[in-house]
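Student: After the structure tokens below, expect a handful of questions from me.
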Amino acid sequence: MPSQVTRMHMERWLLAKGFVQRKGGKTSHVQFAGHGVTITLPGHGPSDLTKKHVGMIMRQLERAGFQRDQVLAELRGA
């Protein structure tokens, strides 16, 4: 997995792939809906996502039909 993926980078990637940001609730977390799944990104703490969080996002993206290798290549390339 990429060693560092930031929240902002992941947000841009999700928006570019057709996800839409859901209206915020009472927490600082940011949710993106699209392709039959909802991706939640933390809105606080370090800007770099943990490997665990990236892994959870990857599993959701795979359920939505994205290819793991392609997504990882795009994230590494940015």
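Simple scheme: letters A, B, ... for chains in structure tokens order, numbers from 1 for residues in each chain, numbers from 1 for ligands in the order shown.
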Quick check for you: according to DSSP on this backbone, which residues of chain A are classed as strand (DSSP E or B)? Reply as a ChimeraX atom specification.

Tutor: /A:5-6,20-21,30-34,37-41,48-49

Student: Can you tell me which residues surround Val20 (chain A) at a distance of at most 12 Å, considering only C-alpha atoms, apart from same-chain residues fewer than 4 positions away, and format the answer as a list in words?

Tutor: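 Listed by chain and then number, they are Glu11, Arg12, Trp13, Leu14, Leu15, Ala16, Gly24, Val30, Gln31, Phe32, Ala33, Gly34, His35, Gly36, Val37, Thr38, Ile39 and Thr40 of chain A.
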
Student: Give the alpha helix (DSSP H) residues of chain A, as DSSP finds them on the backbone, and put them as an MDAnalysis selection string.

Tutor: chainID A and resid 7:16 51:63 68:77

Student: Restricting the output to N, CA, C and O atoms, write the selected residues as a compact mmCIF listing (two decimals), in the first residue's frame.

Tutor:
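Saved the output as again_16.txt:
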```txt
# COMPACT_ATOMS: atom_id res chain seq x y z
N ARG A 7 -5.73 12.68 3.64
CA ARG A 7 -7.19 12.82 3.53
C ARG A 7 -7.55 13.64 2.30
O ARG A 7 -8.46 13.29 1.56
N MET A 8 -6.84 14.75 2.10
CA MET A 8 -7.16 15.63 0.97
C MET A 8 -6.96 14.90 -0.36
O MET A 8 -7.76 15.05 -1.28
N HIS A 9 -5.90 14.12 -0.47
CA HIS A 9 -5.64 13.37 -1.71
C HIS A 9 -6.75 12.36 -1.95
O HIS A 9 -7.26 12.21 -3.07
N MET A 10 -7.15 11.65 -0.89
CA MET A 10 -8.22 10.66 -1.03
C MET A 10 -9.53 11.34 -1.39
O MET A 10 -10.29 10.84 -2.23
N GLU A 11 -9.81 12.50 -0.81
CA GLU A 11 -11.03 13.24 -1.14
C GLU A 11 -11.04 13.61 -2.62
O GLU A 11 -12.05 13.41 -3.30
N ARG A 12 -9.92 14.13 -3.14
CA ARG A 12 -9.85 14.50 -4.56
C ARG A 12 -10.04 13.28 -5.44
O ARG A 12 -10.73 13.33 -6.46
N TRP A 13 -9.44 12.15 -5.07
CA TRP A 13 -9.56 10.93 -5.86
C TRP A 13 -11.01 10.47 -5.90
O TRP A 13 -11.52 10.11 -6.96
N LEU A 14 -11.66 10.46 -4.73
CA LEU A 14 -13.06 10.01 -4.67
C LEU A 14 -13.96 10.91 -5.51
O LEU A 14 -14.82 10.42 -6.26
N LEU A 15 -13.77 12.21 -5.41
CA LEU A 15 -14.59 13.14 -6.19
C LEU A 15 -14.36 12.96 -7.69
O LEU A 15 -15.30 13.00 -8.48
N ALA A 16 -13.11 12.70 -8.07
CA ALA A 16 -12.79 12.49 -9.48
C ALA A 16 -13.42 11.21 -10.02
O ALA A 16 -13.69 11.09 -11.22
N LYS A 51 -2.41 2.94 7.49
CA LYS A 51 -2.49 1.80 6.57
C LYS A 51 -3.79 1.03 6.81
O LYS A 51 -4.40 0.53 5.87
N LYS A 52 -4.22 0.95 8.07
CA LYS A 52 -5.46 0.25 8.39
C LYS A 52 -6.65 0.95 7.72
O LYS A 52 -7.52 0.29 7.14
N HIS A 53 -6.68 2.27 7.78
CA HIS A 53 -7.78 3.02 7.19
C HIS A 53 -7.77 2.87 5.66
O HIS A 53 -8.82 2.66 5.04
N VAL A 54 -6.59 2.96 5.07
CA VAL A 54 -6.49 2.77 3.61
C VAL A 54 -6.97 1.38 3.23
O VAL A 54 -7.69 1.20 2.25
N GLY A 55 -6.63 0.37 4.04
CA GLY A 55 -7.07 -1.00 3.77
C GLY A 55 -8.58 -1.13 3.83
O GLY A 55 -9.19 -1.80 2.99
N MET A 56 -9.20 -0.49 4.82
CA MET A 56 -10.66 -0.53 4.93
C MET A 56 -11.31 0.15 3.73
O MET A 56 -12.31 -0.35 3.18
N ILE A 57 -10.74 1.27 3.29
CA ILE A 57 -11.28 1.97 2.13
C ILE A 57 -11.13 1.10 0.88
O ILE A 57 -12.04 1.01 0.06
N MET A 58 -9.99 0.43 0.76
CA MET A 58 -9.76 -0.44 -0.41
C MET A 58 -10.80 -1.55 -0.48
O MET A 58 -11.30 -1.87 -1.56
N ARG A 59 -11.12 -2.15 0.66
CA ARG A 59 -12.14 -3.22 0.65
C ARG A 59 -13.49 -2.68 0.20
O ARG A 59 -14.21 -3.33 -0.56
N GLN A 60 -13.85 -1.48 0.63
CA GLN A 60 -15.11 -0.88 0.20
C GLN A 60 -15.08 -0.58 -1.30
O GLN A 60 -16.07 -0.81 -2.00
N LEU A 61 -13.95 -0.07 -1.78
CA LEU A 61 -13.84 0.24 -3.21
C LEU A 61 -13.90 -1.03 -4.06
O LEU A 61 -14.48 -1.03 -5.14
N GLU A 62 -13.32 -2.11 -3.56
CA GLU A 62 -13.40 -3.38 -4.29
C GLU A 62 -14.85 -3.86 -4.37
O GLU A 62 -15.27 -4.36 -5.41
N ARG A 63 -15.62 -3.69 -3.29
CA ARG A 63 -17.03 -4.05 -3.31
C ARG A 63 -17.80 -3.23 -4.35
O ARG A 63 -18.78 -3.68 -4.90
N ARG A 68 -8.27 -3.25 -7.15
CA ARG A 68 -7.31 -2.87 -6.11
C ARG A 68 -5.99 -2.36 -6.72
O ARG A 68 -5.49 -1.32 -6.34
N ASP A 69 -5.45 -3.11 -7.67
CA ASP A 69 -4.15 -2.75 -8.26
C ASP A 69 -4.22 -1.38 -8.94
O ASP A 69 -3.29 -0.58 -8.84
N GLN A 70 -5.31 -1.13 -9.65
CA GLN A 70 -5.45 0.14 -10.36
C GLN A 70 -5.57 1.31 -9.37
O GLN A 70 -4.94 2.35 -9.55
N VAL A 71 -6.37 1.12 -8.33
CA VAL A 71 -6.54 2.17 -7.33
C VAL A 71 -5.21 2.46 -6.65
O VAL A 71 -4.81 3.63 -6.50
N LEU A 72 -4.50 1.42 -6.25
CA LEU A 72 -3.22 1.62 -5.57
C LEU A 72 -2.21 2.31 -6.49
O LEU A 72 -1.45 3.18 -6.05
N ALA A 73 -2.22 1.95 -7.77
CA ALA A 73 -1.30 2.60 -8.71
C ALA A 73 -1.62 4.08 -8.84
O ALA A 73 -0.71 4.92 -8.87
N GLU A 74 -2.91 4.43 -8.88
CA GLU A 74 -3.30 5.84 -8.99
C GLU A 74 -2.93 6.60 -7.71
O GLU A 74 -2.48 7.74 -7.77
N LEU A 75 -3.11 5.96 -6.56
CA LEU A 75 -2.76 6.63 -5.31
C LEU A 75 -1.26 6.79 -5.16
O LEU A 75 -0.79 7.80 -4.63
N ARG A 76 -0.50 5.83 -5.63
CA ARG A 76 0.97 5.94 -5.56
C ARG A 76 1.50 6.99 -6.52
O ARG A 76 2.50 7.64 -6.25
N GLY A 77 0.80 7.16 -7.63
CA GLY A 77 1.27 8.08 -8.65
C GLY A 77 1.04 9.54 -8.31
O GLY A 77 1.63 10.43 -8.91
```

Student: Between CA of Gln67 (chain A) and CA of Gly18 (chain A), what is the distance, to one decimal in Å?

Tutor: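 According to the coordinates, CA of Gln67 (chain A) and CA of Gly18 (chain A) are separated by 15.4 Å.
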
Student: What is the distance, in Å and to one decimal place, between CA of Lys26 (chain A) and CA of Leu41 (chain A)?

Tutor: 14.2 Å

Student: What does the distance from CA of Gly43 (chain A) to CA of Thr27 (chain A) come to in Å, to one decimal?

Tutor: 8.2 Å
